[in-house]
Structure formats: C-alpha cells, structure tokens
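**Student:** Shown below is the structure under consideration.
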Amino acid sequence: MTDPAVRFERVTLDYGTRRIWSDLSLDIAPGAFVAILGPNGSGKTSLLRAILGLVAPSSGRIAVLGHPPRRGDPGIGYVPQHSSFDAELPFRGRDLVQLGVDGHRWGIGLPNASVRAQVDRALASVDAAHYADAPIGRLSGGEQQRLRIAQALVGDPALLLCDEPLANLDLRYQQTITDLVAAWRQRTGGTVLFVTHDVNPVLRLVDKVLFVVNGRWDAGTPDEVLTSERMSALYRSHVDVVRVHGRILVVGESTEAGFNLDEPHHVPVAVEHETPR
Amino acid sequence: MDQLLTLLGYEFVQNAIAAGAVIAIVSGVVSRFVVARNMAFAVHALSELGFTGAAGFILLRLSPVFGLLAGSAITAVFIGTLGVRARGRDVVVGVVMAFGLGLGVLFITLYKGYANQAFAILFGTITGVSRGDVLLLVGIGVFTLAALAAVYRPLTFATVDPEVAEARGVPVGALAVVFLLIMASAVAEAIQVVGVLLILTLLITPGAAAERLTPRPGAAIIWSVAIALFCVLGGILLSLVTNAPVSVFVTSLSFACYLVARFVAGPRRRELRAVRAGAGDEGRPAAITAR
C-alpha cells in the first residue's frame, strides 16, 4: 500500500493561546482532490501553513509526502490567497513563474536556456504565454491567478496547495482555474488541497471534503459530510444543506443576530450562480 | 569647455568623479529595491541617524564616514528587529528616528567648532573627498554590491511575492534585516554626494523613474543606475562650472529624470509595447497595456 500524500495523526494546532483545531486525524491519498471548507477564521490557511512547515502543531504528527513537513519542500506547489501587485512594479508574468524555479536560490542567476524553456512550458500550460511579458500589476485578477498556478506547478510538485484560488474571480475565470488544476491532476496524478468557501465550483472534482468549524472538523465524501445532520452536528446549531440544480447550499437559520452561521455569504454566493437551462 | 578640461586635471575633481561614479552605481541598484519594498521612510531614518553617528564620531575625533556607517547600521538593526512586519514598520522607524536624532543634537552641541563638518554632512561634501576617502568609498561600494548580488534572487522573491517565498523556504524575515544593512551602507555612501537631508534624491528617485521605463526587473536596475550616474556626474560637473553646491544639481537632474520618465518617455515606450504586443495577438493586449 502506498503512503498517503498527507497524513494528520491526532494533530492539534494553537495560535498563541487560541486553539485552532484539535485532534485532527486524516489520510489524504495520492491523487486525491480535497476541498477544505469552513467559515473565515476557522484555520483553513493554518492547515496549509502546517503542511508547508511554517507552523508546528502543538501535538500530534503530520507527514507530508512520507516525511515530516519541512520549509521549502520542492514537492509542494503553493498558490497563496489573493494578493495584488503594484501597477508600476517592473516585473512580468514570466518573472513571477521563474521565481518558482530558482527564486529561492542565492546569487543573481544568469540567463539560462533550460530555465527559460521550463518557464515557457509552464506559461503555455496555463495559456498565459501571450501576456507573459506585460507588467504583472496591470493584468486582471484572473490573468494573475493563471500565472500563480503556473508558478506553483513549474517545479513539478506532487502536492498542490491552493488557498482560496477562486476568490475575487468571475464565474468564467473560476471555471478556467478549476479546469487548469483538474488537468494538472489528470496529467500527473498529483494531489490537490483546495481551500475554498464555496464547494460548488469544484464539486465535480472533489473526492473528499474537510469541513472545519470552530476547532471541530468533519471529513468524508461530499455526499457523506454535506448533509443537514452532519453539518448541524458540526455547527452545533440547526443547519440545512440544500441541493438545487446540482449545487450544494449550506444554509443557517436566521436569528436576531443575523444568521446562526458566521458565514452568511454562502447564500448570496449561491444566488449569484446561473442555473443551467 | 577649456575651463572644464583644466578642472578635470585637478586631483580633487578626479577624486570626486571616481567616488561619485561608485556611489551612483550603488544608489541606483539599491534604490530599485527601496522603491519596490516601499521603504522611503526607513531610508530617511537611516540617513538622519547616520548623521547622529557621524556627529558622535567627530566628537570622538574619528572618521565621520565610519560614523555614518555605524549610525545607519545600528538603526538598521533596531528597525529590523523591532519592526519586521510591514504594518508596524513605519511606527518603529519613527520611534527610533526621533530618539536617534535627539542624540545627534546632543553630539553637535558637545562638539566645539562643529559647524562646517555638520553642514557638510547635512548637504554633501563630494568635492572635498581625499584619495583615501575614495578608496574607502569604493571598498564600501564593492562590499554592498557583492552582498546585494548574493541575496538578489531570494530578496526579489521576498519583495514581490512574500507568501510564496516563505513557503519555498526563503528566510523572509532575515532578508528584511540584511536588506536594511545593505541600505545602511548605501545611505552612508550617498550622503557623501547629497548629504543627509537630500538622501531620497539618490535612493528613491532613480528607482522610481526606472520603473516607468521598462517592465523587466533587470532592465529597471540598469536604467536606475544610468539615471543615478547621469545625476551624480552631471551634478559634479555643473557644480564645478558654476560653484553652486553639488546637491542642488543632483536633486534638479534627478527630479527632471523622474518627470521625463513618468510623463514623456514612459508613456511613449508603453505605447510602443502595446503596438508590438498587438501585432501577434488580436483582441487581448488592450486590457493589458492600456491604463
């Protein structure tokens, strides 16, 4: 039997005095597509940072690609949460992708034909070659996100970590980015951990969801976990999971304080989706 | 013209030009990173506390150049260790700068007959440098450029894309301190030409003008160095001919370079790129190059 791509064994993570989540045990098989869901502030990004070796768990063990997490693991590609670039920054898409190849190395780095070819291949694989020489700060969010994917994949990782890669993108680009990640996984058999607040854009790809709420968690296939019973148990409050037109909506009760879910944007996000005719 | 050639024969002029060239190269390279990392305020603090260091060293009858270096390097360490996160950094800079400048006032008060040397540090002394000073400035310059070359790629990564840099194992926090130290020695160099108060004309303006001229990071550094060389050498020559202080001309030339880059040359070059990009790929480039 092959080792899991990522294994959590009774892992507890604290941030200062705050417990982010406790006693997380989970095996992620190589080649799996795992969606990490949950309200803002529930520690989804911390989970990725723990895998990257940037935060250490308070207890328990994490194994990534068969070894403990370590900083700068070349087996991991990382797409960070949306961050924008200054419009005047003299930096091109191809420079961003090249950082993924040799940005961590010391020295100046002289022009190198094989690095250039590697960057060109990565740019072509996300269909970004035609704007690779434009200043990066003047590209749209979707164009930048394609470059981010190329940057994460250029080093040929086995594990891809994406932190809200669809945030701030319109529907068309959500689809494009999702397709790029899906195609990469198909081609290489790589593993994907995909942090998102809305599971619907990636629902057809997801093997497993990990849902984190207030330090508690639940994991399994979408059909197992995304049910009214399991979600109500997780939120410790009455939650309905509704399936409409092939989409899953997690809806809380409306109370005096608003919704009983601290993530009311589940509803407006779902409303924005077009229904297929 | 003859007058200029005669002047170029003097040793003090040759010294000024040699030192000015080295200082311009260092300033041009470092200013690209200062602009990209948005550290104008930190540069100013390093510069003013360089003054404190120089005043202290003069008081102790030591070399003011080493005093500048010591003052700005100590400040760099303070800012680097107290304010690693960008959001709190300006606050820490302000706190450290206020205290340090107070010390500087104390030092010049204690020193009898400070006026000339203090004025020189505040407004630049390049036409007064000796052959020994030139060697010292070349040494500091070479060391600064070598340090910057050693950290060039990870520093670029940490500047442009800190989240991914950290994930790839780049020591982002340590590099912030290293860059502050590099800035400290660039500041000590540039003060020789334009003085403490006008430091930004060499450590911000060339880098800011350069980014209007090219989207390529390497080319931006070359432009920045070229602009800094033009300003420093042009400033020295104009000062020799007119007898007005060097810093007057350096600041005017660098401001002119910025205006030209921003409003004339930059937009024209960008239009050219739009045309070129449009040739191969219809429908797309407008969104990219316009604005």
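Going through the structure tokens in order, the chains are called A, B, and so on, while each chain numbers its residues from 1 and the ligands are numbered from 1 in the order shown.
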Contacts of Ile108 (chain B) at 12 Å or less, counting only C-alpha atoms, minus same-chain residues fewer than 4 places along, as a VMD selection string?

**Tutor:** chain B and resid 51 to 60 101 to 104 112 to 119 121

**Student:** Export N, CA and C atoms of the chosen residues as a tab-separated table (two decimals), in the first residue's frame?

**Tutor:**
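So the final result, stored in part19.tsv, reads:
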```tsv
chain	number	residue	atom	x	y	z
B	51	PHE	N	23.68	60.67	10.45
B	51	PHE	CA	24.17	61.98	10.91
B	51	PHE	C	24.54	61.93	12.39
B	52	THR	N	23.68	61.30	13.19
B	52	THR	CA	23.98	61.14	14.61
B	52	THR	C	25.30	60.40	14.80
B	53	GLY	N	25.46	59.31	14.04
B	53	GLY	CA	26.70	58.53	14.12
B	53	GLY	C	27.91	59.37	13.75
B	54	ALA	N	27.78	60.13	12.65
B	54	ALA	CA	28.90	60.95	12.20
B	54	ALA	C	29.23	62.01	13.24
B	55	ALA	N	28.19	62.65	13.81
B	55	ALA	CA	28.42	63.68	14.83
B	55	ALA	C	29.12	63.07	16.04
B	56	GLY	N	28.70	61.87	16.42
B	56	GLY	CA	29.33	61.18	17.55
B	56	GLY	C	30.80	60.87	17.27
B	57	PHE	N	31.08	60.38	16.05
B	57	PHE	CA	32.46	60.04	15.70
B	57	PHE	C	33.33	61.29	15.61
B	58	ILE	N	32.77	62.40	15.10
B	58	ILE	CA	33.53	63.65	15.04
B	58	ILE	C	33.90	64.10	16.45
B	59	LEU	N	32.93	63.95	17.35
B	59	LEU	CA	33.15	64.31	18.75
B	59	LEU	C	34.31	63.50	19.34
B	60	LEU	N	34.38	62.23	18.94
B	60	LEU	CA	35.46	61.35	19.43
B	60	LEU	C	36.72	61.44	18.56
B	101	LEU	N	17.85	61.08	16.54
B	101	LEU	CA	18.15	62.44	16.11
B	101	LEU	C	18.41	63.33	17.33
B	102	GLY	N	17.71	63.04	18.42
B	102	GLY	CA	17.96	63.75	19.68
B	102	GLY	C	19.40	63.57	20.12
B	103	LEU	N	19.90	62.34	20.01
B	103	LEU	CA	21.30	62.08	20.34
B	103	LEU	C	22.23	62.91	19.47
B	104	GLY	N	21.87	63.01	18.16
B	104	GLY	CA	22.68	63.78	17.23
B	104	GLY	C	22.79	65.23	17.66
B	112	LYS	N	32.90	71.46	19.98
B	112	LYS	CA	33.21	72.86	19.69
B	112	LYS	C	33.65	72.98	18.23
B	113	GLY	N	33.10	73.93	17.54
B	113	GLY	CA	33.52	74.15	16.15
B	113	GLY	C	32.97	73.11	15.21
B	114	TYR	N	31.75	72.65	15.46
B	114	TYR	CA	31.14	71.61	14.62
B	114	TYR	C	30.63	72.15	13.30
B	115	ALA	N	30.38	73.42	13.20
B	115	ALA	CA	29.52	73.95	12.15
B	115	ALA	C	29.87	73.47	10.75
B	116	ASN	N	31.13	73.57	10.35
B	116	ASN	CA	31.50	73.21	8.98
B	116	ASN	C	31.22	71.74	8.67
B	117	GLN	N	31.72	70.88	9.57
B	117	GLN	CA	31.57	69.46	9.30
B	117	GLN	C	30.11	69.03	9.33
B	118	ALA	N	29.34	69.59	10.26
B	118	ALA	CA	27.92	69.24	10.33
B	118	ALA	C	27.22	69.67	9.06
B	119	PHE	N	27.54	70.87	8.57
B	119	PHE	CA	26.92	71.36	7.34
B	119	PHE	C	27.26	70.43	6.17
B	121	ILE	N	27.96	67.27	6.25
B	121	ILE	CA	27.24	66.00	6.33
B	121	ILE	C	25.77	66.19	5.95
```

**Student:** Distance cut-off 8 Å, counting only C-alpha atoms - which residues of chain B neighbour chain A? Return them as an MDAnalysis selection string.

**Tutor:** chainID B and resid 36 149:154 156:157 160 163:170 211:212 214:217 220 281 285 287:289

**Student:** Env of region 57-60 of chain A: 8 Å cut, atoms = only C-alpha atoms, seq-sep filter 5 positions within chain, self excluded. Answer as a list in words.

**Tutor:**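 So the residues in contact are Phe8, Glu9, Arg10, Val11, Thr12, Leu13, Asp14, Asp23 and Ala50 of chain A.
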
**Student:** I'd like the contact shell of Arg116 (chain A) - 10 Å cut-off, only C-alpha atoms, skipping same-chain residues fewer than 4 positions apart - returned as a ChimeraX atom specification.

**Tutor:** /A:94,98,101,111-112,120-122

**Student:** Mind dumping the selected residues with C-alpha atoms as an mmCIF file, in the first residue's frame?

**Tutor:**
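File produced: part.cif:
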```cif
data_model
loop_
_atom_site.group_PDB
_atom_site.id
_atom_site.type_symbol
_atom_site.label_atom_id
_atom_site.label_comp_id
_atom_site.auth_asym_id
_atom_site.auth_seq_id
_atom_site.Cartn_x
_atom_site.Cartn_y
_atom_site.Cartn_z
ATOM 1 C CA ARG A 94 7.412 35.214 -16.737
ATOM 2 C CA GLN A 98 10.629 31.917 -12.818
ATOM 3 C CA VAL A 101 12.052 27.668 -10.478
ATOM 4 C CA PRO A 111 20.189 33.777 -18.070
ATOM 5 C CA ASN A 112 19.776 30.079 -18.639
ATOM 6 C CA ASP A 120 7.825 28.852 -21.274
ATOM 7 C CA ARG A 121 6.328 25.383 -20.885
ATOM 8 C CA ALA A 122 4.625 26.359 -17.634
#
```

**Student:** Pull the alpha helix (DSSP H) assignments for region 115-282 of chain B out of DSSP run on the backbone, and list those residues as a ChimeraX atom specification.

**Tutor:** /B:115-123,131-150,152-160,162-167,172-194,200-203,205-210,217-242,246-259,266-280

**Student:** Tell me, in Å to one decimal, how far CA of Gly207 (chain B) is from CA of Leu136 (chain B).

**Tutor:**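 CA of Leu136 (chain B) lies 24.9 Å from CA of Gly207 (chain B).
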
**Student:** Within region 151-198 of chain A, find each residue whose DSSP state, derived from the backbone, is strand (DSSP E), and express the selection as a PyMOL selection string.

**Tutor:** chain A and resi 159-163+191-195

**Student:** Using only C-alpha atoms, which protein or nucleic acid residues come within 12 Å of Phe99 (chain B)? Drop anything in the same chain fewer than 4 positions from it, and give the result as a PyMOL selection string.

**Tutor:** chain B and resi 45+48-49+52+75+78+92-95+103-106

**Student:** As a CSV table (one decimal) with all heavy atoms, in the first residue's frame, please: the residues near Leu234 (chain A) (cut-off 10 Å, only C-alpha atoms, same-chain neighbours under 5 positions excluded).

**Tutor:**
```
chain,number,residue,atom,x,y,z
A,211,PHE,N,-14.3,19.7,6.5
A,211,PHE,CA,-15.0,20.9,6.9
A,211,PHE,C,-14.6,21.3,8.3
A,211,PHE,O,-14.7,20.4,9.2
A,211,PHE,CB,-16.5,20.6,6.8
A,211,PHE,CG,-17.4,21.8,6.5
A,211,PHE,CD1,-18.1,21.8,5.3
A,211,PHE,CD2,-17.5,22.8,7.3
A,211,PHE,CE1,-18.9,22.9,5.0
A,211,PHE,CE2,-18.2,23.9,7.0
A,211,PHE,CZ,-19.0,24.0,5.8
A,212,VAL,N,-14.1,22.5,8.5
A,212,VAL,CA,-13.6,22.9,9.8
A,212,VAL,C,-14.5,24.0,10.3
A,212,VAL,O,-14.7,25.0,9.7
A,212,VAL,CB,-12.2,23.4,9.7
A,212,VAL,CG1,-11.5,23.5,11.1
A,212,VAL,CG2,-11.3,22.6,8.8
A,213,VAL,N,-15.0,23.9,11.6
A,213,VAL,CA,-15.8,24.9,12.2
A,213,VAL,C,-15.4,25.0,13.7
A,213,VAL,O,-15.5,24.1,14.4
A,213,VAL,CB,-17.3,24.6,12.1
A,213,VAL,CG1,-18.2,25.7,12.8
A,213,VAL,CG2,-17.8,24.4,10.7
A,214,ASN,N,-15.0,26.2,14.1
A,214,ASN,CA,-14.7,26.5,15.5
A,214,ASN,C,-13.9,25.4,16.2
A,214,ASN,O,-14.2,24.9,17.3
A,214,ASN,CB,-16.0,26.7,16.3
A,214,ASN,CG,-16.8,27.9,15.8
A,214,ASN,OD1,-16.2,28.8,15.2
A,214,ASN,ND2,-18.1,27.9,15.9
A,215,GLY,N,-12.9,24.9,15.5
A,215,GLY,CA,-12.0,23.9,16.2
A,215,GLY,C,-12.5,22.5,16.0
A,215,GLY,O,-11.8,21.6,16.3
A,216,ARG,N,-13.7,22.3,15.5
A,216,ARG,CA,-14.2,20.9,15.2
A,216,ARG,C,-14.1,20.7,13.8
A,216,ARG,O,-14.0,21.6,13.0
A,216,ARG,CB,-15.7,20.8,15.7
A,216,ARG,CG,-15.9,21.1,17.2
A,216,ARG,CD,-17.4,20.9,17.5
A,216,ARG,NE,-18.2,21.9,16.9
A,216,ARG,CZ,-18.4,23.2,17.4
A,216,ARG,NH1,-17.8,23.6,18.5
A,216,ARG,NH2,-19.1,24.1,16.7
A,217,TRP,N,-14.1,19.4,13.4
A,217,TRP,CA,-13.9,19.1,12.0
A,217,TRP,C,-14.7,17.9,11.6
A,217,TRP,O,-15.0,17.1,12.5
A,217,TRP,CB,-12.4,18.9,11.6
A,217,TRP,CG,-11.8,17.8,12.4
A,217,TRP,CD1,-11.2,18.0,13.7
A,217,TRP,CD2,-11.7,16.5,12.1
A,217,TRP,NE1,-10.8,16.8,14.1
A,217,TRP,CE2,-11.0,15.8,13.1
A,217,TRP,CE3,-12.0,15.7,10.9
A,217,TRP,CZ2,-10.7,14.5,13.1
A,217,TRP,CZ3,-11.8,14.4,10.9
A,217,TRP,CH2,-11.1,13.7,12.0
A,218,ASP,N,-14.9,17.7,10.3
A,218,ASP,CA,-15.6,16.5,9.8
A,218,ASP,C,-15.0,16.3,8.4
A,218,ASP,O,-14.8,17.3,7.7
A,218,ASP,CB,-17.1,16.7,9.8
A,218,ASP,CG,-17.8,15.4,9.6
A,218,ASP,OD1,-17.2,14.3,9.6
A,218,ASP,OD2,-19.1,15.4,9.6
A,225,VAL,N,-20.6,14.1,4.1
A,225,VAL,CA,-20.4,15.2,5.0
A,225,VAL,C,-21.4,16.3,4.8
A,225,VAL,O,-21.9,16.9,5.8
A,225,VAL,CB,-18.9,15.8,4.9
A,225,VAL,CG1,-18.7,17.0,5.8
A,225,VAL,CG2,-17.9,14.7,5.3
A,228,SER,N,-27.6,17.7,6.2
A,228,SER,CA,-28.1,18.6,7.2
A,228,SER,C,-27.7,18.0,8.6
A,228,SER,O,-27.4,18.8,9.5
A,228,SER,CB,-29.6,18.6,7.1
A,228,SER,OG,-30.0,19.2,5.9
A,229,GLU,N,-27.7,16.7,8.8
A,229,GLU,CA,-27.4,16.1,10.1
A,229,GLU,C,-26.0,16.4,10.5
A,229,GLU,O,-25.7,16.9,11.5
A,229,GLU,CB,-27.6,14.6,10.1
A,229,GLU,CG,-29.0,14.1,9.9
A,229,GLU,CD,-29.6,14.4,8.4
A,229,GLU,OE1,-28.8,14.2,7.5
A,229,GLU,OE2,-30.7,14.8,8.3
A,239,VAL,N,-28.7,23.6,10.9
A,239,VAL,CA,-28.3,24.0,9.6
A,239,VAL,C,-28.9,23.1,8.5
A,239,VAL,O,-29.1,21.9,8.7
A,239,VAL,CB,-26.7,23.8,9.5
A,239,VAL,CG1,-26.2,24.0,8.1
A,239,VAL,CG2,-26.0,24.7,10.5
```

**Student:** Report the distance between CA of Leu166 (chain A) and CA of Pro162 (chain B) in Å, rounded to one decimal place.

**Tutor:**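 These atoms are spaced 19.9 Å apart.
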
**Student:** So, with only C-alpha atoms as the atoms that count, which of A:Val55, A:Met231, A:Ile36, A:Leu110 lies closest to Gly16 (chain A)?

**Tutor:** A:Val55

**Student:** For Phe33 (chain B), find every residue with an atom within 12 Å (counting only C-alpha atoms), except residues of its own chain fewer than 2 positions away, and show them as a ChimeraX atom specification.

**Tutor:** /A:89-90 /B:26-31,35-40,43,148,151-153,155-160,176,179-180,182-183,186,203-208,210-211,217-218,220-221,224

**Student:** Go ahead and save the residues from that selection, with C-alpha atoms, as a short mmCIF file (atom, residue, chain, number, x, y, z; two decimals), in the first residue's frame.

**Tutor:**
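Full text of result_19.cif as output:
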```
data_model
loop_
_atom_site.label_atom_id
_atom_site.label_comp_id
_atom_site.auth_asym_id
_atom_site.auth_seq_id
_atom_site.Cartn_x
_atom_site.Cartn_y
_atom_site.Cartn_z
CA LEU A 89 6.22 47.17 -10.49
CA PRO A 90 8.72 46.27 -13.21
CA VAL B 26 25.37 51.55 -5.52
CA SER B 27 22.50 54.04 -5.17
CA GLY B 28 20.95 53.06 -8.49
CA VAL B 29 20.87 49.35 -7.66
CA VAL B 30 19.70 49.77 -4.07
CA SER B 31 17.02 52.33 -4.96
CA VAL B 35 11.07 51.57 -4.20
CA ALA B 36 9.79 48.00 -4.63
CA ARG B 37 9.78 47.44 -0.85
CA ASN B 38 8.24 50.88 -0.23
CA MET B 39 10.89 51.92 2.30
CA ALA B 40 11.32 55.65 1.72
CA VAL B 43 15.85 55.37 4.17
CA LEU B 148 23.19 42.51 -2.79
CA VAL B 151 20.86 37.74 -1.93
CA TYR B 152 19.47 39.06 -5.23
CA ARG B 153 17.08 36.23 -6.12
CA LEU B 155 15.38 39.18 -1.91
CA THR B 156 13.46 39.70 -5.14
CA PHE B 157 11.22 36.75 -4.25
CA ALA B 158 10.61 38.10 -0.72
CA THR B 159 9.92 41.59 -2.08
CA VAL B 160 7.49 40.73 -4.86
CA ALA B 176 14.50 42.12 5.66
CA PHE B 179 18.44 44.49 3.22
CA LEU B 180 18.27 47.17 5.91
CA ILE B 182 22.63 46.95 2.68
CA MET B 183 20.53 50.12 2.70
CA ALA B 186 24.20 52.67 0.53
CA LEU B 203 17.85 56.33 -3.08
CA ILE B 204 14.27 56.80 -4.34
CA THR B 205 14.16 58.90 -7.49
CA PRO B 206 16.35 56.80 -9.84
CA GLY B 207 14.47 53.61 -8.95
CA ALA B 208 11.11 55.35 -9.25
CA ALA B 210 13.34 53.49 -13.90
CA GLU B 211 10.16 51.53 -13.26
CA PRO B 217 13.34 43.79 -13.44
CA GLY B 218 16.93 43.55 -14.72
CA ALA B 220 14.91 48.53 -14.44
CA ILE B 221 18.09 48.19 -12.39
CA SER B 224 18.18 53.17 -12.40
#
```
